[in-house]
Amino acid sequence: MDAERLDLTSDPHDGGSPASLRPYVGIHFTCCGVYARVYVNREGTAYAGHCPRCARAIRLRIGPEGTDSRFFQAE
């Protein structure tokens, strides 16, 4: 009867894409009323991205005096 069992468990890091493992912060772009993820740059010095609608750039510097917040609002 073991062949009739369905295992729905999985390892969230098993086979995941490299992009899904990259650190990110959530940004609410008030310019267009949209939300987007902004990922760490290659140098690891900042979170850098842009609004998905109007391409307004944003850069959040990473430093020892930073914050633990994961969600921000760009005006």
# chains A, B, ... in the order shown; residues from 1 in each chain; ligands from 1
call {"tool": "select_by_dssp", "arguments": {"residues": "region 11-67 of chain A", "states": "strand (DSSP E or B)", "output": "JSON, numbers by chain"}}
result
{"A": [24, 25, 26, 27, 28, 29, 34, 35, 36, 37, 38, 39, 40, 46, 47, 48, 49, 50, 57, 58, 59, 60, 61]}
call {"tool": "closest_residue", "arguments": {"among": "A:Thr30, A:Asn41, A:Phe72, A:Thr67", "to": "Arg53 (chain A)", "atoms": "only C-alpha atoms"}}
result
A:Thr30
call {"tool": "residues_around", "arguments": {"residues": "region 55-58 of chain A", "least_positions_apart": "5", "cutoff": "9 Å", "atoms": "only C-alpha atoms", "output": "PyMOL selection string"}}
result
chain A and resi 29+31+38+47-50+74
call {"tool": "write_last_selection", "arguments": {"atoms": "C-alpha atoms", "output": "CSV table (one decimal), in the first residue's frame"}}
result
chain,number,residue,atom,x,y,z
A,29,PHE,CA,6.9,52.6,-5.2
A,31,CYS,CA,5.1,56.9,-7.8
A,38,VAL,CA,15.0,44.9,-4.9
A,47,TYR,CA,20.1,47.0,-2.6
A,48,ALA,CA,19.6,48.5,-6.1
A,49,GLY,CA,16.6,48.4,-8.4
A,50,HIS,CA,13.9,50.4,-10.2
A,74,ALA,CA,9.9,55.0,-2.0
call {"tool": "residues_around", "arguments": {"residues": "region 23-26 of chain A", "least_positions_apart": "4", "cutoff": "8 Å", "atoms": "only C-alpha atoms", "output": "PDB file with N, CA and C atoms, in the first residue's frame"}}
result
ATOM      1  N   TYR A  35       4.449  47.356  -6.061  1.00  0.00           N
ATOM      2  CA  TYR A  35       5.399  46.723  -5.161  1.00  0.00           C
ATOM      3  C   TYR A  35       6.403  45.943  -5.995  1.00  0.00           C
ATOM      4  N   ALA A  36       7.665  45.951  -5.565  1.00  0.00           N
ATOM      5  CA  ALA A  36       8.688  45.159  -6.256  1.00  0.00           C
ATOM      6  C   ALA A  36       9.744  44.712  -5.260  1.00  0.00           C
ATOM      7  N   ARG A  37      10.427  43.641  -5.599  1.00  0.00           N
ATOM      8  CA  ARG A  37      11.592  43.214  -4.834  1.00  0.00           C
ATOM      9  C   ARG A  37      12.819  43.910  -5.403  1.00  0.00           C
ATOM     10  N   VAL A  38      13.705  44.322  -4.514  1.00  0.00           N
ATOM     11  CA  VAL A  38      14.969  44.937  -4.919  1.00  0.00           C
ATOM     12  C   VAL A  38      16.072  44.079  -4.316  1.00  0.00           C
ATOM     13  N   TYR A  39      16.961  43.577  -5.172  1.00  0.00           N
ATOM     14  CA  TYR A  39      17.988  42.629  -4.757  1.00  0.00           C
ATOM     15  C   TYR A  39      19.329  43.303  -4.485  1.00  0.00           C
ATOM     16  N   VAL A  40      20.184  42.614  -3.716  1.00  0.00           N
ATOM     17  CA  VAL A  40      21.528  43.094  -3.418  1.00  0.00           C
ATOM     18  C   VAL A  40      22.340  43.140  -4.708  1.00  0.00           C
ATOM     19  N   TYR A  47      21.269  47.548  -1.930  1.00  0.00           N
ATOM     20  CA  TYR A  47      20.122  46.997  -2.648  1.00  0.00           C
ATOM     21  C   TYR A  47      19.827  48.005  -3.757  1.00  0.00           C
ATOM     22  N   ARG A  70      12.653  44.937   6.355  1.00  0.00           N
ATOM     23  CA  ARG A  70      12.686  44.241   5.062  1.00  0.00           C
ATOM     24  C   ARG A  70      11.743  44.879   4.046  1.00  0.00           C
ATOM     25  N   PHE A  71      10.917  45.851   4.481  1.00  0.00           N
ATOM     26  CA  PHE A  71       9.969  46.498   3.588  1.00  0.00           C
ATOM     27  C   PHE A  71      10.071  48.008   3.725  1.00  0.00           C
ATOM     28  N   PHE A  72      10.071  48.698   2.579  1.00  0.00           N
ATOM     29  CA  PHE A  72      10.255  50.135   2.555  1.00  0.00           C
ATOM     30  C   PHE A  72       9.281  50.771   1.571  1.00  0.00           C
TER      31      PHE A  72
END
call {"tool": "atom_distance", "arguments": {"atom1": "CA of Val34 (chain A)", "atom2": "CA of Gly63 (chain A)"}}
result
26.6 Å
call {"tool": "atom_distance", "arguments": {"atom1": "CA of Ile27 (chain A)", "atom2": "CA of Cys54 (chain A)"}}
result
14.1 Å
call {"tool": "atom_distance", "arguments": {"atom1": "CA of Glu75 (chain A)", "atom2": "CA of Arg61 (chain A)"}}
result
16.9 Å
